[in-house]
Every structure is written in structure tokens, then in C-alpha cells.
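J.: After the C-alpha cells below, expect a handful of questions from me.
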Amino acid sequence: MLIFKKIVMMKYIKFLIFAITGATFFTSCDTDEFLNPLPDSVIVAETFFQNDEDVLSGIIGIYDAIQGVNENTQSSAIRFNRGVQLEYLLTEHRSDNTRSRTLEGSRADFHRYIVQADNIQSEDYYQSMYEIIFRANNVLQYIENANAANINKYTAEAKFLRAYAYFNLVRLYGAVPLVTRVVTSEEKELLFTRVAIEQVYEQIVLDLKEGVTYLNNTYKSRASKAAAQGILAKVYLTQPTPNYAGAKQLCEDIINTAGLELQANFRDVFYNELNNEIIFAIQYTSGDPLESQGFSSEFTSYSRQGRQDGLNIVNPNLAEDFINFGGNRTEASYAAFGDDASLPIPEQAEIIKFLPTGSDISDTNLPTYGEQPGNAGNDWIILRYSDILLLHAEAIMQGNSTSDSNAIDSYMKVKTRAGFDPVTDRPAVLTINALLVERRVELAFENHRFFDLLRFGVAHDVLGTHATIKGYTSYNIRRLLLPIPAREINLSDGLLTQNPQ
């Protein structure tokens, strides 16, 4: 897959260089650059998307937008389409899971709930999601140039990726502009008018249903039927009016037909990449500045390997949950070094789910992280089987405690893999709090916690208490939504409105 990706991406990058250069003769760069980053020139696009190979290259280019640009390649603080590489700031840091080690810089604003509309990391993420959306729209405009036998699956793949981006945007920013085709700078109202959250979810559902219908399970690093089913199940549970029955059926379809299984060793989930537990992951290549990621090195702090002082530092209350409920996942999830290692509950623990390639942390006095920790090759996992099992339990519970054996069975499969006894540790009644804690320790540092709290309807209660304990006085319920980037409001000439702050 990596070799295939490099071949088609080289062609796609050449296309982009030509297209962006050519587009300057056709459009104004400053009116819709952010929300419509691909060229508006129909001549350029039609010249490129001539056959099946070209369309496929364009689809692979959408994944490149998700992968993002490593900060060690382009280290300036400006927007640079980092893709998912900064997502932990907008999610884990805004939950009770992690924080920045220092209070300096815009990255430290997330865990203190003081993100402003000009925050560069939030702005970059917003742009990255729209980069995905508009690359998908661009491919869809010329999908008929693909081989007839591939049109349905290529369409479904592009729409799956568009839905993925919109699902992230609507949960983080609320109502957002909904653009499902290539537009020009003259269509400013479409580019910058926010639509109701319900309407965004309607489009997400429509897009994902095509994935369920036309995709298969050939890939784990590209869209698949199981990935579409899994994300659609999560959408059903998240949307303003949950569809519990639909989510339950989708999870059961995955459980019964996708050929997935939990890894026996929890650590293998992250270091035996694209294993049988993985449903959808974004691939990176170690040591290659253009295909690597930099977030793994930023998670280090005791022996700093990244450009920052240490990000995604484990909050003590999460470490406490690991100690009580993590089982054998604990030693594979975080590590404490130096004086912190002797504390019953560490205060500055580091994430070790995504240690850069070549890491050796066996020496707690001087852990090492390989020759190029800033150019790490660890894949980013978006969806895996244990998530589906816990979603299955959640769908059956419908927001309440349950004694349903099917829900408890799915919950216990995950618990048992973590070393808990399938008989003595099996609850007679599964509670919402128990499920939330299980999701927390199973999926910690994978950017799920903030979204879980929102979906379960407890975000304000949990994060309000967390903010009070930590002294984050700026927190209020409005902080559950990030501000719309100020730059886009300015470009819209007042069409794009701001979230209450």
C-alpha cells in the first residue's frame, strides 16, 4: 500500500503544483482559499482527471490531506494543513485526559479552555478538514471519467472521506458551511453560510450509506465497508436524535461479518500495524519527512524529543482510572520517568501507545526514542474493533443501565482482553459510568474521550468539575464548541458567524 501510495501521490502532487500555479490566472487567491483550497479552473481539472488512473490518484490525494504535513518538514507556525497530526490538541486536551506540560504558546490554550478565534492550531485543523472535503468534491466532479466498473466504489470512497471530515467539524465547531460540490469564488454565500447541525448530519449519513453499500473490506488504510458501518454507527449515536436501533444493527453487522478480532496482546494493536483489530488507520512512513508524523515525538517530555516541551501529558485522574480499571493496558498506555515513576499516581506521565520507531524506554533514567523521533512512522488509528464492541453495548443501553447479556458480552470481551476475569468481573448490570470508564482506559490518547463525553451528554458535568479542580476559570458550557476561525469570518465579509464565547 505504501509503495502504491507513493506512486500515485507523486503524480497527484505534480498535478497540484501545476494546478495551483495555473489557478492564479483564473481566480482571486484570497476570497475562498481557505474553504476551497483546490483550483477553481475547470480547464486544469479536466486536463488532469481524464481516466481511471487519474481519478484514483485524486482519491489517494484525499488521504494525503488527512495524513497532513509533518511540522518537522514545514516548521513555521502558519497554517500548513497538518491534517490529523494536531487533532489531539482539539480533543484529548479539551477532555480530562491530557494537557500541555507548560502554559506557554497557543497549544497550551486548549487544556485551559481559552482557545481564541485566532488560534493557529484550531485554524489549521479547520482548514485541513475542508481540504479533505474539497479534494473529495473535486474528484466527484469528474468521477464519470473513471472506468464504469469503478465509479460506484470510487464515489463511495470519496464521500466516506468527506463524511469523516464533516463529522469531525460538526462535533468540534457546531454548525458549519456544507459544501458538496466544487464552487467558485462568486458563490460566496454557499462557501460561508453555516447550516443547521441536523442538516450536516443528514449529509454525513447519506455519504456513509453509500460506503456501506458499495465498499468492501479490502483495505484498512483506505475506506472500507466496515469503516463506513462503524463511523455511521457512531454518527447515529451522536446525532441530535440518536438512532440506537440503526447503530446496534451496524455494529452487529461488523461483529458478524467483517472478520475482525481483538489482538491478544494490547500493545500489538499499536505496534503490529494494520492488524486484525484495525478497521481504519492513516499510514505514515518512518524516516521519510514527506510521509512521516511528528506527534509521537511531541508526546515526550522527560527526555524531550519534539519541538515542544511536552504535549498530551497524562492527567493524574486518568492515571488513577488506569490503576483501578486499566488492567494490562496500563503498562502499554503510559509511562512515568524520573521522580514521577515513584509516585503512586504519576503527575507527568508520557503516552507510549505511539512511541516513535526505535524507542527504548526500558531505562527509566534515560529513555531513548530512536534516530529520527520527529519523523515517526506510527500509524494513526481512526477506528478499531474494540471501539465497535463498546459502541454495540452503548447502542443497546440507549442511555441507561442494562442487564442485557448482549451488551455485557461485548463490554466483557474488551475487559477480558485487558486481563479481567470473564466470570468474577462480569457485572450483573452494566452502567453508563462503567462503560464511559471502560472507553476511557481502552481508547485513551486516541482522541475519543471528548467526543464520548459529548455523545453521552455528560461533557459539561465532567469537564466543569475537571476545570474547577484544575483551576481553569475560563471554562463554561460554551467552550464545548471551538470558535470559528477569525480569518474565515473576515474572508466571508460577515457571512460566516461566530459561536458564542
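Ordered as shown in the C-alpha cells, chains take letters A, B, and onward, while each chain numbers its residues from 1 and ligands are numbered from 1 in the order shown.
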Would you mind writing down, as an MDAnalysis selection string, each residue of stretch 115-180 of chain A that DSSP on the backbone assigns to alpha helix (DSSP H)?
T.: chainID A and resid 120:141 151:173
J.: Can you tell me, as a list in words, what residues are no more than 10 Å from A:Asn276 when counting only C-alpha atoms, ignoring any on the same chain fewer than 6 positions away?
T.: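 The filter keeps Lys220, Ala258, Gly259, Leu260, Glu261, Leu262, Gln263, Val269, Arg384 and Tyr385 of chain A.
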J.: Identify, on the basis of only C-alpha atoms, every residue whose closest approach to A:Tyr271 does not exceed 12 Å; exclude the query and any residue fewer than 4 positions from it along the same chain; express the result as a VMD selection string.
T.: chain A and resid 263 265 to 267 275 277 to 278 332 352 to 359 377 to 381
J.: Give me a file of those residues, with N, CA, C and O atoms, as a compact mmCIF listing (two decimals), in the first residue's frame.
T.:
# COMPACT_ATOMS: atom_id res chain seq x y z
N GLN A 263 -6.72 -8.15 19.31
CA GLN A 263 -5.37 -8.67 19.47
C GLN A 263 -5.22 -9.25 20.88
O GLN A 263 -5.71 -8.67 21.85
N ASN A 265 -2.55 -9.42 22.65
CA ASN A 265 -1.68 -8.52 23.39
C ASN A 265 -2.06 -7.09 23.04
O ASN A 265 -1.98 -6.67 21.88
N PHE A 266 -2.45 -6.31 24.05
CA PHE A 266 -2.92 -4.95 23.80
C PHE A 266 -1.88 -4.11 23.08
O PHE A 266 -2.22 -3.31 22.19
N ARG A 267 -0.62 -4.27 23.42
CA ARG A 267 0.43 -3.46 22.79
C ARG A 267 0.50 -3.73 21.29
O ARG A 267 0.83 -2.81 20.51
N ASN A 275 -3.26 -4.63 11.86
CA ASN A 275 -3.59 -5.96 12.35
C ASN A 275 -5.10 -6.21 12.25
O ASN A 275 -5.85 -5.34 11.79
N GLU A 277 -7.39 -6.13 14.33
CA GLU A 277 -8.27 -5.28 15.13
C GLU A 277 -8.52 -3.94 14.47
O GLU A 277 -9.49 -3.25 14.77
N ILE A 278 -7.66 -3.57 13.55
CA ILE A 278 -7.76 -2.27 12.90
C ILE A 278 -8.84 -2.29 11.82
O ILE A 278 -8.88 -3.19 10.98
N ALA A 332 1.01 -0.51 28.83
CA ALA A 332 1.17 -0.29 27.39
C ALA A 332 0.61 1.05 26.94
O ALA A 332 0.63 1.35 25.74
N ILE A 352 2.72 6.16 25.69
CA ILE A 352 3.61 5.23 24.99
C ILE A 352 2.86 4.34 24.00
O ILE A 352 3.39 3.35 23.51
N LYS A 353 1.63 4.70 23.67
CA LYS A 353 0.91 3.98 22.63
C LYS A 353 1.51 4.24 21.25
O LYS A 353 1.33 3.44 20.33
N PHE A 354 2.16 5.38 21.10
CA PHE A 354 2.67 5.77 19.79
C PHE A 354 4.14 6.17 19.88
O PHE A 354 4.56 7.17 19.31
N LEU A 355 4.94 5.39 20.61
CA LEU A 355 6.36 5.68 20.71
C LEU A 355 6.99 5.71 19.33
O LEU A 355 6.75 4.83 18.51
N PRO A 356 7.82 6.72 19.05
CA PRO A 356 8.49 6.76 17.74
C PRO A 356 9.28 5.47 17.47
O PRO A 356 9.79 4.84 18.40
N THR A 357 9.36 5.10 16.22
CA THR A 357 10.07 3.89 15.84
C THR A 357 11.49 3.91 16.39
O THR A 357 12.19 4.91 16.29
N GLY A 358 11.92 2.80 16.97
CA GLY A 358 13.26 2.71 17.53
C GLY A 358 13.35 3.08 18.98
O GLY A 358 14.43 3.13 19.55
N SER A 359 12.22 3.32 19.64
CA SER A 359 12.21 3.74 21.03
C SER A 359 12.64 2.61 21.96
O SER A 359 12.35 1.44 21.72
N GLY A 377 6.94 6.81 12.11
CA GLY A 377 6.12 6.08 11.15
C GLY A 377 4.90 5.42 11.75
O GLY A 377 4.20 4.67 11.07
N ASN A 378 4.59 5.73 13.02
CA ASN A 378 3.43 5.11 13.66
C ASN A 378 2.15 5.51 12.95
O ASN A 378 1.89 6.69 12.73
N ASP A 379 1.33 4.52 12.62
CA ASP A 379 0.03 4.81 12.01
C ASP A 379 -0.87 5.50 13.01
O ASP A 379 -0.74 5.33 14.23
N TRP A 380 -1.83 6.28 12.48
CA TRP A 380 -2.85 6.87 13.34
C TRP A 380 -4.14 6.08 13.18
O TRP A 380 -4.70 5.98 12.09
N ILE A 381 -4.61 5.47 14.25
CA ILE A 381 -5.79 4.61 14.21
C ILE A 381 -7.05 5.46 14.39
O ILE A 381 -7.22 6.13 15.41
J.: Name the residues in contact with A:Gly327 at a cut-off of 8 Å, using only C-alpha atoms, excluding same-chain residues fewer than 5 positions from it; report them as a VMD selection string.
T.: chain A and resid 322 418 to 420
J.: May I have all residues of stretch 344-493 of chain A that DSSP, computed from the backbone, assigns to strand (DSSP E or B), given as a list in words?
T.: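 So the strand (DSSP E or B) residues in stretch 344-493 of chain A would be Glu350, Ile351, Ser359, Asp360, Thr368, Tyr369, Ala376, Trp380, Ile381, Ile382, Leu383, Arg384, Thr402 and Leu430 of chain A.
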J.: So that I can see what lies close to A:Leu215, please list as a PDB file with N, CA, C and O atoms, in the first residue's frame the residues with an atom at most 8 Å from it, counting only C-alpha atoms and leaving out residues fewer than 5 positions away in the same chain.
T.:
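around_5.pdb, freshly written:
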ATOM      1  N   LYS A 153     -17.706   2.547  -6.449  1.00  0.00           N
ATOM      2  CA  LYS A 153     -16.833   2.413  -5.287  1.00  0.00           C
ATOM      3  C   LYS A 153     -15.939   3.641  -5.117  1.00  0.00           C
ATOM      4  O   LYS A 153     -15.646   4.042  -3.985  1.00  0.00           O
ATOM      5  N   ALA A 156     -18.209   6.214  -3.550  1.00  0.00           N
ATOM      6  CA  ALA A 156     -18.442   5.893  -2.143  1.00  0.00           C
ATOM      7  C   ALA A 156     -17.223   6.218  -1.292  1.00  0.00           C
ATOM      8  O   ALA A 156     -17.343   6.690  -0.154  1.00  0.00           O
ATOM      9  N   GLU A 157     -16.030   5.984  -1.837  1.00  0.00           N
ATOM     10  CA  GLU A 157     -14.804   6.248  -1.084  1.00  0.00           C
ATOM     11  C   GLU A 157     -14.620   7.745  -0.856  1.00  0.00           C
ATOM     12  O   GLU A 157     -14.299   8.181   0.259  1.00  0.00           O
ATOM     13  N   GLU A 210     -23.596   5.297   1.314  1.00  0.00           N
ATOM     14  CA  GLU A 210     -23.026   4.846   0.040  1.00  0.00           C
ATOM     15  C   GLU A 210     -21.816   3.952   0.281  1.00  0.00           C
ATOM     16  O   GLU A 210     -21.587   2.972  -0.430  1.00  0.00           O
ATOM     17  N   ALA A 223     -10.748   3.557   2.824  1.00  0.00           N
ATOM     18  CA  ALA A 223     -12.140   3.348   3.205  1.00  0.00           C
ATOM     19  C   ALA A 223     -12.561   1.905   2.955  1.00  0.00           C
ATOM     20  O   ALA A 223     -12.122   1.270   2.005  1.00  0.00           O
ATOM     21  N   SER A 224     -13.414   1.400   3.830  1.00  0.00           N
ATOM     22  CA  SER A 224     -13.935   0.039   3.700  1.00  0.00           C
ATOM     23  C   SER A 224     -15.397   0.028   4.127  1.00  0.00           C
ATOM     24  O   SER A 224     -15.897   0.995   4.708  1.00  0.00           O
ATOM     25  N   LYS A 225     -16.061  -1.074   3.853  1.00  0.00           N
ATOM     26  CA  LYS A 225     -17.442  -1.210   4.289  1.00  0.00           C
ATOM     27  C   LYS A 225     -17.533  -1.163   5.810  1.00  0.00           C
ATOM     28  O   LYS A 225     -18.392  -0.481   6.372  1.00  0.00           O
TER      29      LYS A 225
END
J.: Select, from A:Thr193, A:Gln141, A:Ser122, A:Gln199, the residue with the minimum atom-to-atom distance to A:Leu172, counting only C-alpha atoms.
T.: A:Ser122
